[in-house]
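As provided, final.cif (mmCIF, N, CA and C atoms) reads as follows.
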data_my_file
#
loop_
_atom_site.label_atom_id
_atom_site.label_comp_id
_atom_site.auth_asym_id
_atom_site.auth_seq_id
_atom_site.Cartn_x
_atom_site.Cartn_y
_atom_site.Cartn_z
N MET A 1 182.08 52.65 79.65
CA MET A 1 181.36 51.40 79.80
C MET A 1 181.35 50.67 78.47
N ALA A 2 181.74 49.41 78.46
CA ALA A 2 181.81 48.63 77.23
C ALA A 2 180.41 48.30 76.73
N ASN A 3 180.29 48.18 75.41
CA ASN A 3 179.02 47.78 74.83
C ASN A 3 178.73 46.34 75.21
N GLN A 4 177.58 46.09 75.78
CA GLN A 4 177.21 44.74 76.18
C GLN A 4 176.40 44.09 75.09
N VAL A 5 176.57 42.76 74.97
CA VAL A 5 175.80 42.01 73.99
C VAL A 5 174.99 40.93 74.68
N GLU A 6 173.90 40.57 74.04
CA GLU A 6 173.07 39.45 74.46
C GLU A 6 173.29 38.35 73.44
N TRP A 7 173.57 37.15 73.89
CA TRP A 7 173.74 36.02 72.97
C TRP A 7 172.37 35.42 72.70
N THR A 8 172.02 35.38 71.41
CA THR A 8 170.71 34.92 70.99
C THR A 8 170.85 33.81 69.96
N ALA A 9 170.17 32.69 70.18
CA ALA A 9 170.16 31.60 69.20
C ALA A 9 169.26 32.02 68.04
N VAL A 10 169.76 31.89 66.80
CA VAL A 10 169.00 32.35 65.64
C VAL A 10 168.64 31.23 64.67
N CYS A 11 169.36 30.11 64.71
CA CYS A 11 169.08 28.98 63.83
C CYS A 11 169.90 27.79 64.28
N THR A 12 169.70 26.67 63.62
CA THR A 12 170.51 25.49 63.91
C THR A 12 171.63 25.39 62.88
N PHE A 13 172.63 24.60 63.20
CA PHE A 13 173.73 24.37 62.26
C PHE A 13 173.20 23.78 60.96
N GLU A 14 172.19 22.92 61.04
CA GLU A 14 171.61 22.29 59.84
C GLU A 14 170.93 23.30 58.92
N ASP A 15 170.55 24.46 59.43
CA ASP A 15 169.92 25.50 58.60
C ASP A 15 170.92 26.17 57.66
N LEU A 16 172.21 26.05 57.97
CA LEU A 16 173.24 26.74 57.20
C LEU A 16 173.52 26.01 55.89
N VAL A 17 173.88 26.80 54.87
CA VAL A 17 174.25 26.27 53.56
C VAL A 17 175.71 26.63 53.33
N PRO A 18 176.59 25.61 53.12
CA PRO A 18 178.02 25.92 52.92
C PRO A 18 178.25 26.91 51.78
N GLU A 19 179.18 27.84 52.02
CA GLU A 19 179.59 28.86 51.06
C GLU A 19 178.44 29.78 50.66
N SER A 20 177.53 30.03 51.60
CA SER A 20 176.36 30.85 51.32
C SER A 20 175.90 31.55 52.60
N GLY A 21 174.87 32.38 52.46
CA GLY A 21 174.31 33.09 53.59
C GLY A 21 172.85 32.79 53.79
N ILE A 22 172.37 33.03 55.01
CA ILE A 22 170.94 32.95 55.31
C ILE A 22 170.57 34.21 56.09
N ALA A 23 169.32 34.58 56.01
CA ALA A 23 168.83 35.75 56.75
C ALA A 23 168.12 35.28 58.01
N VAL A 24 168.39 35.97 59.11
CA VAL A 24 167.73 35.68 60.39
C VAL A 24 167.23 37.00 60.97
N TRP A 25 166.26 36.92 61.86
CA TRP A 25 165.72 38.11 62.50
C TRP A 25 166.19 38.15 63.95
N THR A 26 166.62 39.33 64.41
CA THR A 26 167.03 39.52 65.79
C THR A 26 166.34 40.75 66.36
N LYS A 27 166.51 40.97 67.65
CA LYS A 27 165.98 42.20 68.27
C LYS A 27 166.62 43.44 67.64
N ASP A 28 167.80 43.26 67.06
CA ASP A 28 168.51 44.37 66.44
C ASP A 28 168.15 44.53 64.97
N GLY A 29 167.26 43.67 64.46
CA GLY A 29 166.85 43.74 63.06
C GLY A 29 167.38 42.55 62.27
N PRO A 30 167.24 42.61 60.94
CA PRO A 30 167.66 41.48 60.10
C PRO A 30 169.18 41.36 60.01
N VAL A 31 169.68 40.12 60.07
CA VAL A 31 171.11 39.84 60.04
C VAL A 31 171.36 38.75 59.01
N ALA A 32 172.44 38.90 58.26
CA ALA A 32 172.88 37.89 57.30
C ALA A 32 173.98 37.07 57.95
N VAL A 33 173.78 35.75 58.02
CA VAL A 33 174.76 34.83 58.61
C VAL A 33 175.36 34.01 57.47
N PHE A 34 176.68 34.02 57.37
CA PHE A 34 177.38 33.30 56.30
C PHE A 34 178.16 32.14 56.89
N TYR A 35 178.05 30.99 56.24
CA TYR A 35 178.77 29.79 56.64
C TYR A 35 179.78 29.48 55.54
N LEU A 36 181.05 29.76 55.83
CA LEU A 36 182.11 29.64 54.83
C LEU A 36 183.20 28.69 55.35
N PRO A 37 182.93 27.38 55.34
CA PRO A 37 183.87 26.43 55.94
C PRO A 37 185.22 26.35 55.23
N GLU A 38 185.32 26.82 54.01
CA GLU A 38 186.57 26.72 53.26
C GLU A 38 187.41 27.99 53.35
N ARG A 39 187.03 28.95 54.19
CA ARG A 39 187.69 30.25 54.21
C ARG A 39 188.26 30.64 55.56
N GLY A 40 188.77 29.69 56.30
CA GLY A 40 189.31 30.04 57.62
C GLY A 40 188.23 29.99 58.65
N ARG A 41 187.96 31.12 59.27
CA ARG A 41 186.86 31.18 60.25
C ARG A 41 185.58 30.82 59.52
N GLU A 42 184.74 30.02 60.11
CA GLU A 42 183.58 29.49 59.40
C GLU A 42 182.38 30.41 59.36
N LEU A 43 182.10 31.13 60.44
CA LEU A 43 180.87 31.91 60.54
C LEU A 43 181.13 33.40 60.56
N TYR A 44 180.31 34.13 59.82
CA TYR A 44 180.37 35.58 59.77
C TYR A 44 178.93 36.10 59.85
N ALA A 45 178.74 37.27 60.43
CA ALA A 45 177.40 37.85 60.52
C ALA A 45 177.49 39.36 60.34
N ILE A 46 176.69 39.86 59.41
CA ILE A 46 176.62 41.31 59.14
C ILE A 46 175.15 41.69 59.01
N GLY A 47 174.88 42.98 59.04
CA GLY A 47 173.52 43.45 58.79
C GLY A 47 173.04 42.97 57.42
N HIS A 48 171.79 42.58 57.33
CA HIS A 48 171.20 42.03 56.11
C HIS A 48 170.74 43.13 55.15
N THR A 49 170.59 44.35 55.64
CA THR A 49 170.05 45.45 54.84
C THR A 49 171.14 46.12 54.02
N ASP A 50 170.94 46.18 52.71
CA ASP A 50 171.86 46.88 51.80
C ASP A 50 171.71 48.37 52.07
N PRO A 51 172.76 49.04 52.52
CA PRO A 51 172.64 50.47 52.88
C PRO A 51 172.40 51.37 51.67
N PHE A 52 172.65 50.91 50.47
CA PHE A 52 172.44 51.73 49.28
C PHE A 52 170.99 51.71 48.81
N THR A 53 170.26 50.64 49.12
CA THR A 53 168.88 50.51 48.64
C THR A 53 167.86 50.38 49.76
N GLY A 54 168.31 50.03 50.97
CA GLY A 54 167.38 49.79 52.07
C GLY A 54 166.68 48.44 51.98
N LYS A 55 167.06 47.62 51.04
CA LYS A 55 166.44 46.30 50.86
C LYS A 55 167.21 45.24 51.64
N ASN A 56 166.49 44.27 52.17
CA ASN A 56 167.10 43.18 52.92
C ASN A 56 167.53 42.07 51.96
N VAL A 57 168.79 42.17 51.48
CA VAL A 57 169.25 41.25 50.43
C VAL A 57 170.66 40.71 50.63
N LEU A 58 171.41 41.21 51.59
CA LEU A 58 172.84 40.85 51.64
C LEU A 58 173.10 39.37 51.85
N ALA A 59 172.19 38.64 52.53
CA ALA A 59 172.39 37.20 52.71
C ALA A 59 172.38 36.47 51.37
N ARG A 60 171.76 37.07 50.36
CA ARG A 60 171.69 36.45 49.04
C ARG A 60 172.83 36.85 48.12
N GLY A 61 173.79 37.62 48.65
CA GLY A 61 174.92 38.06 47.85
C GLY A 61 175.93 36.94 47.61
N ILE A 62 176.84 37.20 46.70
CA ILE A 62 177.89 36.24 46.36
C ILE A 62 179.12 36.56 47.20
N THR A 63 179.66 35.52 47.87
CA THR A 63 180.86 35.72 48.68
C THR A 63 182.10 35.47 47.84
N GLY A 64 183.18 36.09 48.24
CA GLY A 64 184.44 35.90 47.54
C GLY A 64 185.56 36.65 48.21
N ASP A 65 186.68 36.72 47.51
CA ASP A 65 187.87 37.41 48.00
C ASP A 65 188.15 38.55 47.02
N LEU A 66 188.24 39.76 47.53
CA LEU A 66 188.51 40.92 46.70
C LEU A 66 189.58 41.76 47.38
N LYS A 67 190.68 41.98 46.68
CA LYS A 67 191.79 42.76 47.24
C LYS A 67 192.26 42.18 48.57
N GLY A 68 192.25 40.85 48.67
CA GLY A 68 192.70 40.18 49.89
C GLY A 68 191.71 40.22 51.04
N GLN A 69 190.48 40.66 50.78
CA GLN A 69 189.47 40.75 51.82
C GLN A 69 188.32 39.80 51.51
N LEU A 70 187.81 39.12 52.53
CA LEU A 70 186.64 38.27 52.38
C LEU A 70 185.42 39.17 52.34
N VAL A 71 184.62 39.07 51.27
CA VAL A 71 183.52 40.00 51.05
C VAL A 71 182.25 39.27 50.61
N VAL A 72 181.15 40.01 50.69
CA VAL A 72 179.91 39.62 50.04
C VAL A 72 179.54 40.78 49.12
N ALA A 73 179.12 40.44 47.89
CA ALA A 73 178.67 41.46 46.92
C ALA A 73 177.16 41.55 47.01
N SER A 74 176.65 42.76 47.17
CA SER A 74 175.20 42.94 47.19
C SER A 74 174.63 42.46 45.86
N PRO A 75 173.52 41.72 45.90
CA PRO A 75 172.93 41.26 44.65
C PRO A 75 172.26 42.37 43.83
N LEU A 76 172.14 43.58 44.39
CA LEU A 76 171.49 44.65 43.66
C LEU A 76 172.47 45.48 42.84
N TYR A 77 173.28 46.30 43.49
CA TYR A 77 174.22 47.14 42.75
C TYR A 77 175.66 46.69 42.86
N LYS A 78 175.87 45.53 43.46
CA LYS A 78 177.16 44.84 43.49
C LYS A 78 178.24 45.49 44.35
N GLN A 79 177.88 46.38 45.28
CA GLN A 79 178.90 46.87 46.21
C GLN A 79 179.37 45.70 47.06
N HIS A 80 180.65 45.74 47.43
CA HIS A 80 181.26 44.68 48.22
C HIS A 80 181.42 45.12 49.67
N PHE A 81 181.04 44.22 50.61
CA PHE A 81 181.15 44.51 52.03
C PHE A 81 182.07 43.48 52.67
N ASN A 82 183.06 43.98 53.41
CA ASN A 82 184.00 43.11 54.12
C ASN A 82 183.23 42.37 55.21
N LEU A 83 183.33 41.04 55.22
CA LEU A 83 182.57 40.23 56.17
C LEU A 83 183.10 40.33 57.59
N GLU A 84 184.32 40.80 57.78
CA GLU A 84 184.86 40.94 59.13
C GLU A 84 184.60 42.32 59.72
N THR A 85 184.62 43.35 58.88
CA THR A 85 184.48 44.72 59.39
C THR A 85 183.18 45.41 58.99
N GLY A 86 182.51 44.90 57.94
CA GLY A 86 181.30 45.54 57.42
C GLY A 86 181.57 46.69 56.48
N GLN A 87 182.84 47.05 56.29
CA GLN A 87 183.20 48.20 55.46
C GLN A 87 182.88 47.93 53.98
N CYS A 88 182.29 48.93 53.32
CA CYS A 88 182.05 48.86 51.87
C CYS A 88 183.36 49.19 51.17
N LEU A 89 183.77 48.35 50.24
CA LEU A 89 185.03 48.57 49.54
C LEU A 89 184.95 49.70 48.52
N GLU A 90 183.76 49.96 48.00
CA GLU A 90 183.62 51.01 46.99
C GLU A 90 183.35 52.39 47.57
N ASP A 91 182.92 52.47 48.82
CA ASP A 91 182.60 53.76 49.43
C ASP A 91 183.03 53.73 50.90
N GLU A 92 184.11 54.40 51.22
CA GLU A 92 184.66 54.37 52.58
C GLU A 92 183.73 54.98 53.62
N ASN A 93 182.70 55.70 53.19
CA ASN A 93 181.75 56.31 54.13
C ASN A 93 180.59 55.38 54.48
N VAL A 94 180.57 54.18 53.91
CA VAL A 94 179.45 53.26 54.12
C VAL A 94 179.94 51.98 54.78
N GLN A 95 179.19 51.53 55.77
CA GLN A 95 179.54 50.33 56.50
C GLN A 95 178.26 49.68 57.01
N VAL A 96 178.22 48.35 57.04
CA VAL A 96 177.10 47.64 57.66
C VAL A 96 177.57 47.12 59.02
N LYS A 97 176.62 46.87 59.90
CA LYS A 97 176.95 46.34 61.22
C LYS A 97 177.54 44.95 61.09
N THR A 98 178.42 44.62 62.00
CA THR A 98 178.92 43.25 62.12
C THR A 98 178.49 42.73 63.48
N TYR A 99 178.39 41.42 63.58
CA TYR A 99 177.94 40.79 64.82
C TYR A 99 178.89 39.66 65.20
N GLN A 100 179.06 39.47 66.49
CA GLN A 100 179.77 38.30 66.97
C GLN A 100 178.87 37.10 66.69
N VAL A 101 179.48 36.01 66.24
CA VAL A 101 178.70 34.82 65.91
C VAL A 101 179.49 33.58 66.33
N ALA A 102 178.77 32.58 66.81
CA ALA A 102 179.41 31.35 67.28
C ALA A 102 178.45 30.18 67.12
N LEU A 103 179.02 29.00 67.21
CA LEU A 103 178.23 27.77 67.18
C LEU A 103 178.29 27.16 68.58
N LYS A 104 177.13 26.98 69.21
CA LYS A 104 177.06 26.42 70.56
C LYS A 104 175.98 25.35 70.61
N GLU A 105 176.43 24.13 70.89
CA GLU A 105 175.52 23.00 71.03
C GLU A 105 174.60 22.85 69.82
N GLY A 106 175.16 22.98 68.63
CA GLY A 106 174.39 22.80 67.40
C GLY A 106 173.54 23.98 66.99
N ARG A 107 173.64 25.09 67.72
CA ARG A 107 172.86 26.29 67.40
C ARG A 107 173.80 27.44 67.06
N VAL A 108 173.39 28.24 66.10
CA VAL A 108 174.14 29.45 65.76
C VAL A 108 173.63 30.55 66.68
N VAL A 109 174.57 31.19 67.40
CA VAL A 109 174.20 32.27 68.31
C VAL A 109 174.88 33.56 67.88
N LEU A 110 174.16 34.66 68.02
CA LEU A 110 174.67 35.99 67.67
C LEU A 110 174.76 36.84 68.92
N GLY A 111 175.79 37.67 68.97
CA GLY A 111 175.92 38.67 70.02
C GLY A 111 175.30 39.96 69.51
N VAL A 112 174.07 40.23 69.93
CA VAL A 112 173.38 41.45 69.51
C VAL A 112 173.45 42.46 70.65
N PRO A 113 173.48 43.74 70.32
CA PRO A 113 173.57 44.75 71.38
C PRO A 113 172.44 44.61 72.39
N ALA A 114 172.82 44.62 73.66
CA ALA A 114 171.82 44.55 74.74
C ALA A 114 171.09 45.88 74.77
N LYS A 115 169.81 45.80 74.88
CA LYS A 115 168.99 47.02 74.95
C LYS A 115 169.10 47.59 76.35
N LYS A 116 169.37 48.87 76.41
CA LYS A 116 169.47 49.55 77.70
C LYS A 116 168.05 49.76 78.23
N PRO A 117 167.85 49.52 79.51
CA PRO A 117 166.51 49.78 80.07
C PRO A 117 166.21 51.28 79.99
N GLU A 118 164.98 51.57 79.64
CA GLU A 118 164.59 52.99 79.57
C GLU A 118 164.45 53.53 80.98
N SER A 119 165.01 54.71 81.18
CA SER A 119 164.96 55.27 82.53
C SER A 119 163.56 55.80 82.81
N ALA A 120 163.19 55.68 84.05
CA ALA A 120 161.87 56.13 84.47
C ALA A 120 161.84 57.66 84.50
N VAL A 121 160.74 58.18 84.05
CA VAL A 121 160.57 59.63 84.06
C VAL A 121 159.80 60.01 85.30
N ALA A 122 160.32 60.97 86.07
CA ALA A 122 159.66 61.36 87.33
C ALA A 122 158.50 62.28 87.06
#
Rewritten as structure tokens:
Amino acid sequence: MANQVEWTAVCTFEDLVPESGIAVWTKDGPVAVFYLPERGRELYAIGHTDPFTGKNVLARGITGDLKGQLVVASPLYKQHFNLETGQCLEDENVQVKTYQVALKEGRVVLGVPAKKPESAVA
């Protein structure tokens, strides 16, 4: 069975800052949304929590290109996370979640995992 997602509006297009990220809250937790109009695909979304510190800071990281990969550098210890895959470039065992993201009718929408209904206990 494929993983199902729920499309959730998280902000308006006007909330975005070119070449930067913003933090939004979803049912799946905090997410960093990046608007990079000069880098091909415009919108990227990854988990906002830095896996090395547990702090919600990745939306405040600096974006760039490293080894041919579009990345954000954590503002704390500077690890780089690929914006398409979530993979940490410095530690192959670490990865942040990535999310489907789109612009629909002036709103930024994220595909967050649909919560499975809890089964009834007899």
I want to know what sits within 10 Å of Gly64 (chain A), based on only C-alpha atoms, with residues of the same chain fewer than 6 positions away left out; could you give that as a ChimeraX atom specification?
/A:19,36,39,70-73,80,82-83
Members of chain A assigned strand (DSSP E or B) by DSSP, as an MDAnalysis selection string:
chainID A and resid 5:12 20:26 29:35 43:47 49 56 62:66 69:73 80:82 87:88 95 98 100:104 107:113
Quick one: pull the distance between atom N of Ser20 (chain A) and atom N of Trp7 (chain A), Å, one decimal.
23.7 Å
Apply the PyMOL selection byres (((chain A and resi 28 and name CA) around 9) and name CA) to the structure shown and report the selected residues as a PyMOL selection string.
chain A and resi 25-27+29-31+112-115
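These residues, each with an atom at most 12 Å from (175.0, 24.2, 52.4) using only C-alpha atoms, are Phe13, Glu14, Asp15, Leu16, Val17, Pro18, Glu19, Ser20, Gly21, Ile22, Phe34, Tyr35, Leu36, Pro37 and Glu38 of chain A.
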Care to translate the PyMOL selection byres ((chain A and resi 44-46) around 5) into actual residues of this file, as number ranges by chain?
A: 31-34, 42-43, 47-48, 97-99
Just to confirm, what's the straight-line distance from atom N of Cys88 (chain A) to CA of Ser74 (chain A) in Å (one decimal)?
11.1 Å
